[in-house]
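Student: Input structure: final.txt, which contains compact mmCIF, C-alpha atoms.
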# COMPACT_ATOMS: atom_id res chain seq x y z
CA MET M 1 0.00 0.00 0.00
CA ILE M 2 2.73 2.40 1.01
CA ARG M 3 4.70 1.35 -2.04
CA SER M 4 1.72 2.03 -4.33
CA LEU M 5 1.23 5.39 -2.72
CA TYR M 6 4.88 6.17 -3.15
CA PHE M 7 4.74 5.45 -6.85
CA ALA M 8 1.51 7.35 -7.26
CA LEU M 9 3.22 10.37 -5.73
CA PHE M 10 6.38 9.66 -7.64
CA SER M 11 4.55 9.61 -10.97
CA ALA M 12 2.45 12.62 -10.12
CA ALA M 13 5.59 14.55 -9.38
CA LEU M 14 6.88 14.11 -12.89
CA ILE M 15 7.20 17.38 -14.70
CA ILE M 16 7.05 17.44 -18.45
CA VAL M 17 8.10 20.61 -20.14
CA PRO M 18 7.12 20.70 -23.81
CA ALA M 19 9.52 22.13 -26.31
CA THR M 20 7.50 25.26 -26.81
CA ALA M 21 7.41 26.14 -23.13
CA PRO M 22 10.18 28.12 -21.48
CA ALA M 23 12.70 25.89 -19.78
CA HIS M 24 12.20 25.63 -16.07
CA ALA M 25 12.65 23.28 -13.19
CA ASP M 26 10.37 23.03 -10.22
CA GLU M 27 12.49 22.70 -7.12
CA ASP M 28 9.68 21.00 -5.23
CA ARG M 29 9.22 18.10 -7.59
CA ASP M 30 10.95 14.73 -7.84
CA ILE M 31 11.77 14.53 -11.52
CA VAL M 32 12.24 17.12 -14.21
CA LEU M 33 12.28 16.24 -17.90
CA HIS M 34 12.82 18.93 -20.48
CA ALA M 35 13.04 18.44 -24.24
CA SER M 36 14.00 21.17 -26.67
CA PRO M 37 14.54 20.52 -30.38
CA ARG M 38 17.39 22.59 -31.86
CA THR M 39 17.43 24.57 -35.07
CA PRO M 40 19.97 23.72 -37.79
CA ASP M 41 21.56 27.14 -37.15
CA GLN M 42 22.04 26.38 -33.46
CA ILE M 43 23.62 23.04 -34.28
CA ALA M 44 25.89 24.53 -36.94
CA ALA M 45 26.97 27.37 -34.65
CA PHE M 46 27.83 25.03 -31.81
CA TYR M 47 29.86 22.51 -33.76
CA GLU M 48 31.48 25.02 -36.13
CA ALA M 49 32.76 26.93 -33.11
CA ARG M 50 34.45 23.72 -32.00
CA GLY M 51 36.25 23.20 -35.27
CA PHE M 52 34.16 20.39 -36.72
CA PRO M 53 34.92 19.73 -40.40
CA HIS M 54 32.53 21.06 -43.02
CA ALA M 55 31.37 17.59 -44.08
CA ALA M 56 30.43 16.79 -40.50
CA ILE M 57 28.55 20.07 -40.07
CA GLU M 58 26.60 19.35 -43.23
CA THR M 59 25.39 16.03 -41.87
CA LEU M 60 24.71 17.42 -38.44
CA THR M 61 22.49 20.20 -39.78
CA GLN M 62 20.43 17.62 -41.68
CA THR M 63 19.64 15.94 -38.38
CA CYS M 64 16.99 16.85 -35.83
CA PHE M 65 18.70 17.15 -32.44
CA VAL M 66 16.45 17.19 -29.41
CA THR M 67 18.25 18.50 -26.35
CA VAL M 68 17.01 16.65 -23.30
CA SER M 69 17.69 17.45 -19.69
CA PHE M 70 16.59 15.19 -16.90
CA HIS M 71 17.06 15.56 -13.19
CA ASN M 72 16.29 12.77 -10.78
CA ARG M 73 15.15 14.57 -7.67
CA SER M 74 13.52 11.46 -6.24
CA GLY M 75 14.96 9.27 -3.55
CA ASP M 76 15.31 6.24 -5.82
CA VAL M 77 17.25 5.16 -8.90
CA VAL M 78 15.60 6.03 -12.22
CA TRP M 79 16.85 4.28 -15.35
CA LEU M 80 17.50 6.23 -18.50
CA GLU M 81 17.45 3.69 -21.35
CA LEU M 82 17.14 5.17 -24.80
CA SER M 83 16.20 1.77 -26.20
CA ARG M 84 12.91 2.26 -24.33
CA TRP M 85 12.22 5.64 -25.91
CA ARG M 86 10.07 5.87 -29.03
CA PHE M 87 9.70 8.88 -31.27
CA VAL M 88 6.49 8.68 -33.28
CA ASP M 89 5.51 10.96 -36.19
CA GLU M 90 2.04 12.34 -36.80
CA HIS M 91 1.18 9.34 -38.97
CA GLY M 92 1.96 6.96 -36.14
CA ARG M 93 5.24 5.77 -37.65
CA GLU M 94 8.27 5.31 -35.45
CA VAL M 95 11.17 7.65 -36.15
CA LYS M 96 14.34 5.67 -35.50
CA ARG M 97 17.07 7.41 -33.53
CA ARG M 98 20.52 7.84 -35.00
CA ASP M 99 22.48 6.14 -32.27
CA ARG M 100 26.18 6.25 -31.38
CA ALA M 101 27.03 3.38 -33.72
CA HIS M 102 25.59 5.42 -36.60
CA TRP M 103 27.72 8.44 -35.73
CA ASN M 104 30.89 6.47 -35.05
CA ALA M 105 30.64 4.83 -38.46
CA LEU M 106 30.02 8.19 -40.11
CA TRP M 107 32.93 9.90 -38.34
CA GLU M 108 35.18 7.05 -39.38
CA LYS M 109 34.07 7.42 -43.00
CA LEU M 110 34.53 11.20 -42.95
CA GLY M 111 37.85 11.05 -41.10
CA VAL M 112 36.59 13.33 -38.32
CA PRO M 113 39.37 14.08 -35.77
CA MET M 114 39.29 12.25 -32.44
CA ALA M 115 38.79 15.48 -30.47
CA ASN M 116 35.63 16.27 -32.46
CA ARG M 117 34.36 12.72 -32.02
CA SER M 118 34.94 12.97 -28.29
CA THR M 119 33.17 16.33 -28.01
CA PHE M 120 30.27 15.05 -30.08
CA GLY M 121 29.97 11.98 -27.87
CA TRP M 122 29.80 14.04 -24.70
CA THR M 123 27.04 16.22 -26.19
CA GLN M 124 24.80 13.18 -26.73
CA LEU M 125 22.45 11.74 -24.14
CA PRO M 126 23.86 8.47 -22.76
CA GLU M 127 22.28 5.28 -24.07
CA VAL M 128 21.91 3.86 -20.56
CA ARG M 129 22.29 5.50 -17.15
CA ASP M 130 21.18 4.44 -13.69
CA LEU M 131 20.36 7.90 -12.45
CA GLN M 132 21.03 8.12 -8.74
CA PRO M 133 19.04 10.35 -6.41
CA SER M 134 19.86 14.00 -7.19
CA GLU M 135 21.73 13.10 -10.38
CA PRO M 136 21.20 15.26 -13.46
CA VAL M 137 21.82 14.18 -17.03
CA GLY M 138 21.59 16.05 -20.29
CA GLY M 139 22.42 15.76 -23.94
CA ASN M 140 21.07 15.46 -27.44
CA VAL M 141 19.04 12.74 -29.08
CA ALA M 142 19.48 12.60 -32.87
CA LEU M 143 16.65 11.87 -35.30
CA PRO M 144 16.17 12.03 -39.04
CA PRO M 145 13.94 15.13 -39.26
CA PRO M 146 10.29 14.04 -39.05
CA SER M 147 8.15 15.69 -41.74
CA GLY M 148 5.74 17.17 -39.23
CA ARG M 149 5.04 17.14 -35.55
CA PHE M 150 6.08 14.17 -33.50
CA ARG M 151 5.89 12.84 -29.99
CA LEU M 152 8.23 11.15 -27.56
CA GLU M 153 7.09 8.13 -25.58
CA ALA M 154 9.67 7.39 -22.92
CA ARG M 155 9.58 4.62 -20.38
CA PHE M 156 11.76 4.61 -17.26
CA ALA M 157 12.40 1.71 -14.93
CA THR M 158 12.84 2.56 -11.27
CA GLY M 159 14.76 1.04 -8.41
CA ALA M 160 18.37 -0.10 -8.24
CA ARG M 161 17.44 -3.49 -9.71
CA LYS M 162 14.56 -2.10 -11.79
CA GLN M 163 12.22 -3.65 -9.28
CA GLY M 164 9.97 -0.59 -9.11
CA LYS M 165 7.11 0.37 -11.36
CA ASP M 166 7.90 1.88 -14.74
CA ILE M 167 7.23 5.52 -15.34
CA MET M 168 5.77 6.35 -18.73
CA VAL M 169 6.18 9.83 -20.12
CA THR M 170 4.73 11.23 -23.33
CA LEU M 171 5.80 14.53 -24.81
CA ASP M 172 3.36 15.58 -27.53
CA ASP M 173 3.53 18.22 -30.20
CA LEU M 174 7.27 18.32 -30.70
CA SER M 175 8.70 19.71 -33.92
CA CYS M 176 12.11 20.41 -35.32
CA PRO M 177 12.35 24.18 -35.60
CA GLY M 178 13.65 25.59 -38.86
CA ARG M 179 12.01 22.81 -40.79
CA ASP M 180 8.66 22.61 -42.53
CA VAL M 181 5.92 21.70 -40.12
CA LYS M 182 2.50 20.96 -41.57
CA MET W 1 45.90 5.65 25.90
CA THR W 2 42.65 6.38 27.67
CA ALA W 3 39.28 5.30 26.35
CA ARG W 4 38.63 8.95 25.56
CA GLY W 5 41.85 9.15 23.59
CA LEU W 6 41.01 6.01 21.70
CA LEU W 7 37.60 7.37 20.81
CA LEU W 8 39.12 10.66 19.63
CA SER W 9 41.65 8.82 17.47
CA PHE W 10 38.87 6.78 15.95
CA LEU W 11 36.73 9.81 15.21
CA LEU W 12 39.62 11.59 13.53
CA CYS W 13 40.01 8.67 11.15
CA VAL W 14 36.33 8.37 10.24
CA THR W 15 35.41 10.14 7.02
CA PRO W 16 31.88 11.40 6.46
CA ALA W 17 31.50 8.51 4.00
CA GLN W 18 32.39 5.95 6.65
CA ALA W 19 29.95 7.66 8.95
CA GLY W 20 27.30 7.37 6.21
CA THR W 21 27.00 11.12 5.75
CA LEU W 22 28.15 11.81 2.21
CA PRO W 23 26.95 15.14 0.88
CA GLU W 24 24.24 15.11 -1.77
CA GLY W 25 25.33 13.86 -5.17
CA LEU W 26 28.42 11.97 -3.99
CA ILE W 27 28.43 8.21 -4.35
CA LYS W 28 30.87 5.62 -3.13
CA LEU W 29 32.83 3.66 -5.73
CA ASP W 30 34.15 0.14 -5.43
CA GLY W 31 37.83 0.96 -5.08
CA ARG W 32 38.98 -0.24 -8.49
CA PRO W 33 42.33 1.19 -9.59
CA ALA W 34 42.12 4.58 -11.29
CA SER W 35 43.09 4.65 -14.97
CA THR W 36 46.38 6.20 -15.90
CA LEU W 37 46.38 9.94 -16.34
CA LYS W 38 49.42 11.78 -17.62
CA LEU W 39 48.76 15.06 -19.39
CA ALA W 40 50.28 18.50 -19.85
CA ASP W 41 48.79 21.83 -18.83
CA LEU W 42 48.69 25.10 -20.80
CA ASP W 43 52.35 25.75 -19.94
CA GLY W 44 53.41 22.32 -21.09
CA LYS W 45 54.00 21.09 -17.55
CA THR W 46 53.08 17.41 -17.23
CA THR W 47 51.18 15.92 -14.31
CA ASP W 48 51.20 12.16 -13.75
CA LEU W 49 48.51 10.81 -11.44
CA GLY W 50 50.84 7.95 -10.56
CA ALA W 51 53.29 10.43 -9.05
CA LEU W 52 50.59 11.64 -6.65
CA ARG W 53 50.35 8.32 -4.82
CA GLY W 54 50.25 8.82 -1.08
CA GLN W 55 47.67 11.60 -1.16
CA TRP W 56 44.02 12.02 -2.04
CA VAL W 57 43.41 13.43 -5.51
CA MET W 58 40.29 15.15 -6.78
CA VAL W 59 40.15 14.55 -10.55
CA HIS W 60 37.70 16.86 -12.29
CA PHE W 61 36.66 16.50 -15.96
CA TRP W 62 35.14 19.52 -17.67
CA ALA W 63 34.66 21.41 -20.93
CA SER W 64 33.91 25.08 -21.56
CA TRP W 65 30.88 24.34 -23.75
CA CYS W 66 29.19 22.40 -20.96
CA GLY W 67 26.73 24.59 -19.03
CA PRO W 68 26.88 22.70 -15.72
CA CYS W 69 30.70 22.83 -15.93
CA ARG W 70 30.62 26.60 -16.34
CA ARG W 71 28.24 26.97 -13.43
CA GLU W 72 30.40 24.77 -11.20
CA LEU W 73 33.78 26.36 -11.92
CA PRO W 74 33.43 29.35 -9.56
CA ALA W 75 32.71 26.93 -6.71
CA ILE W 76 35.79 24.90 -7.62
CA ALA W 77 37.89 28.06 -7.80
CA ALA W 78 36.67 29.12 -4.35
CA MET W 79 37.21 25.64 -2.93
CA ALA W 80 40.73 25.48 -4.38
CA GLN W 81 41.71 28.47 -2.26
CA THR W 82 40.77 26.77 0.99
CA LYS W 83 41.03 23.04 0.32
CA PRO W 84 43.26 20.94 2.54
CA ALA W 85 46.87 21.16 1.35
CA ALA W 86 47.13 17.38 1.33
CA LEU W 87 44.32 17.08 -1.22
CA ALA W 88 45.53 17.51 -4.82
CA LEU W 89 43.17 19.01 -7.39
CA VAL W 90 43.71 17.77 -10.94
CA MET W 91 41.47 19.35 -13.55
CA VAL W 92 41.19 17.79 -16.99
CA ASN W 93 39.71 19.67 -19.93
CA THR W 94 38.10 17.31 -22.42
CA ALA W 95 38.96 17.67 -26.11
CA GLU W 96 39.30 21.43 -26.45
CA THR W 97 42.14 23.46 -27.87
CA GLU W 98 44.68 25.48 -25.88
CA ASP W 99 43.19 28.70 -27.23
CA GLU W 100 39.66 27.77 -26.19
CA VAL W 101 40.75 26.73 -22.71
CA PHE W 102 43.06 29.69 -22.17
CA ALA W 103 40.45 32.25 -23.23
CA PHE W 104 37.76 30.63 -21.12
CA LEU W 105 39.71 30.07 -17.91
CA ALA W 106 41.26 33.52 -18.06
CA SER W 107 37.83 35.10 -17.94
CA VAL W 108 36.06 32.72 -15.55
CA ALA W 109 38.59 31.23 -13.15
CA PRO W 110 42.06 32.64 -13.80
CA ALA W 111 43.56 31.04 -10.68
CA LEU W 112 42.72 27.52 -11.83
CA SER W 113 45.06 25.41 -13.90
CA THR W 114 43.93 22.50 -16.04
CA LEU W 115 45.44 19.62 -17.90
CA LEU W 116 44.54 19.28 -21.55
CA ASP W 117 43.12 16.02 -22.85
CA LYS W 118 43.41 17.29 -26.40
CA ASP W 119 41.95 14.32 -28.23
CA GLY W 120 39.61 13.29 -25.42
CA GLN W 121 41.03 9.79 -25.13
CA VAL W 122 42.04 9.99 -21.48
CA THR W 123 38.50 11.07 -20.63
CA GLU W 124 37.15 8.14 -22.65
CA ARG W 125 39.28 5.75 -20.58
CA TRP W 126 38.03 7.20 -17.32
CA GLN W 127 34.41 6.91 -18.47
CA PRO W 128 32.87 9.69 -16.41
CA ARG W 129 29.06 9.58 -16.30
CA GLY W 130 29.01 12.92 -18.11
CA LEU W 131 30.56 16.36 -17.91
CA PRO W 132 31.29 17.66 -15.39
CA SER W 133 32.43 14.69 -13.34
CA THR W 134 34.65 14.54 -10.29
CA PHE W 135 36.42 11.44 -9.04
CA PHE W 136 38.23 11.03 -5.74
CA VAL W 137 41.31 8.83 -5.88
CA ASP W 138 42.66 7.56 -2.58
CA PRO W 139 46.35 7.53 -1.60
CA ARG W 140 46.70 4.00 -3.04
CA GLY W 141 45.46 5.10 -6.44
CA ARG W 142 41.98 3.65 -6.13
CA LEU W 143 38.66 5.24 -7.10
CA ARG W 144 36.68 5.89 -3.93
CA TYR W 145 34.01 8.50 -4.65
CA LEU W 146 32.27 10.10 -7.61
CA ALA W 147 30.39 13.39 -7.68
CA LEU W 148 27.33 13.28 -9.91
CA GLY W 149 27.28 16.43 -12.03
CA GLY W 150 28.28 19.86 -10.72
CA ARG W 151 28.40 20.35 -6.97
CA PRO W 152 28.72 23.41 -4.69
CA TRP W 153 32.19 22.51 -3.48
CA ASP W 154 32.61 25.74 -1.56
CA THR W 155 29.68 25.04 0.77
CA GLY W 156 29.65 23.44 4.21
CA PRO W 157 28.87 19.76 3.56
CA TYR W 158 31.36 19.54 0.70
CA ARG W 159 34.08 21.40 2.56
CA HIS W 160 33.54 19.06 5.48
CA PHE W 161 33.78 16.05 3.17
CA LEU W 162 37.05 17.30 1.63
CA ALA W 163 38.50 18.04 5.05
CA SER W 164 37.56 14.57 6.24
CA LEU W 165 39.65 12.95 3.52
CA THR W 166 42.82 14.43 4.92
CA PRO W 167 42.30 14.78 8.67
CA GLU W 168 45.06 16.54 10.51
CA ARG W 169 46.89 14.12 12.76
CA LYS W 170 47.29 15.30 16.31
CA ASN W 171 49.93 13.84 18.59
Could you spell out this file's structure in structure tokens?
Tutor:
Amino acid sequence: MIRSLYFALFSAALIIVPATAPAHADEDRDIVLHASPRTPDQIAAFYEARGFPHAAIETLTQTCFVTVSFHNRSGDVVWLELSRWRFVDEHGREVKRRDRAHWNALWEKLGVPMANRSTFGWTQLPEVRDLQPSEPVGGNVALPPPSGRFRLEARFATGARKQGKDIMVTLDDLSCPGRDVK
Amino acid sequence: MTARGLLLSFLLCVTPAQAGTLPEGLIKLDGRPASTLKLADLDGKTTDLGALRGQWVMVHFWASWCGPCRRELPAIAAMAQTKPAALALVMVNTAETEDEVFAFLASVAPALSTLLDKDGQVTERWQPRGLPSTFFVDPRGRLRYLALGGRPWDTGPYRHFLASLTPERKN
């Protein structure tokens, strides 16, 4: 009973900040999730300033990067597992993420310097992370640009051994700014 | 030695971690050996973690483009002024150029010095959970604690934690 109540409170304390809303964090809540799709100009400016080669910039600006920040303010472990996140376009089709293997293969092909590869890696959201109480995490998730609006369905396991109830989060009405949205 | 003396000696050797009072955002690690770390700073002076055996070392990974790193640096700069002398602070910049690091540190924390992991490969070996990340390496070269994200190192609980790593021995 107490456990059920805990998870009811835990889930109710989840804050979801849509991309169009100003970024904020509520200090009184347990979990904060914030997603903000980036414009191609923002992406180009960031990586150009860090000396990324032109060919890499070209590919990066053809990608929809969603900057995600997540803060576990609960008293339990929350599992970030990108394999349990689904991006779905307005036609109900899944938009597959471009994961680290995709980028590593591309950087190899383009001969991108190790320093750039390292910087890029640290700007991406980790694939898996057992977020400890009070631990923040942030980074980008890369998608082929959906043609219209899309949503994120994210599922999080809880508890050190994932013994707790899953938390399901849906972020609706996302779009990649700077691209055509119907 | 009296019972009181014994108790005092014991208390002086107990870190906040042993007492179960780690400040928020610090977690205990399993004591595996720290990876090698031998890098040069902006002046070309090399620091080798292996040469710091015998003392606690705070190894901090950061980058100027990382927002939480930028927010944390003033606290690190303030802490560096008052940290216990026996605690070494080793900062590692991840995969940025000398120019980027020099321009940034000069404006934000001119008193701090950092090593340069120019191609990011040392950072990859250490596998921090993200940037910023701070590891604590014990005098035997083993990983003992990890700070999750940026922390207010210049505030009470963190100062107390740092002081507890290197308690002054009283005769």
Student: Output the contact residues of chain M with respect to chain W at a cut-off of 12 Å, based on all atoms listed in the file, as a ChimeraX atom specification.
Tutor: /M:45-47,49-52,69-73,75,112-139
Student: I'd like the contact shell of Cys176 (chain M) - 10 Å cut-off, all atoms listed in the file, skipping same-chain residues fewer than 5 positions apart - returned as a VMD selection string.
Tutor: chain M and resid 19 36 to 40 63 to 66 143 145 to 150 181
Student: Check the smallest atom-to-atom distance from each of W:His160, W:His60, W:Lys28, W:Arg71 to Ala109 (chain W) using only C-alpha atoms, then report the winner.
Tutor: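 Ranked by minimum distance to Ala109 (chain W), first place goes to W:Arg71.
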Student: For Ala34 (chain W), please output as a PyMOL selection string all residues within 12 Å (counting only C-alpha atoms; exclusion window: fewer than 4 positions along the same chain).
Tutor: chain W and resi 29-30+49-50+52-53+57-59+122-123+125-128+135-146
Student: Under the rule that all atoms listed in the file are counted, which of M:Glu94, M:Phe156, M:Val141, M:Ala55 is the nearest residue to Leu106 (chain M)?
Tutor: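 Distance minimum relative to Leu106 (chain M) lands on M:Ala55.
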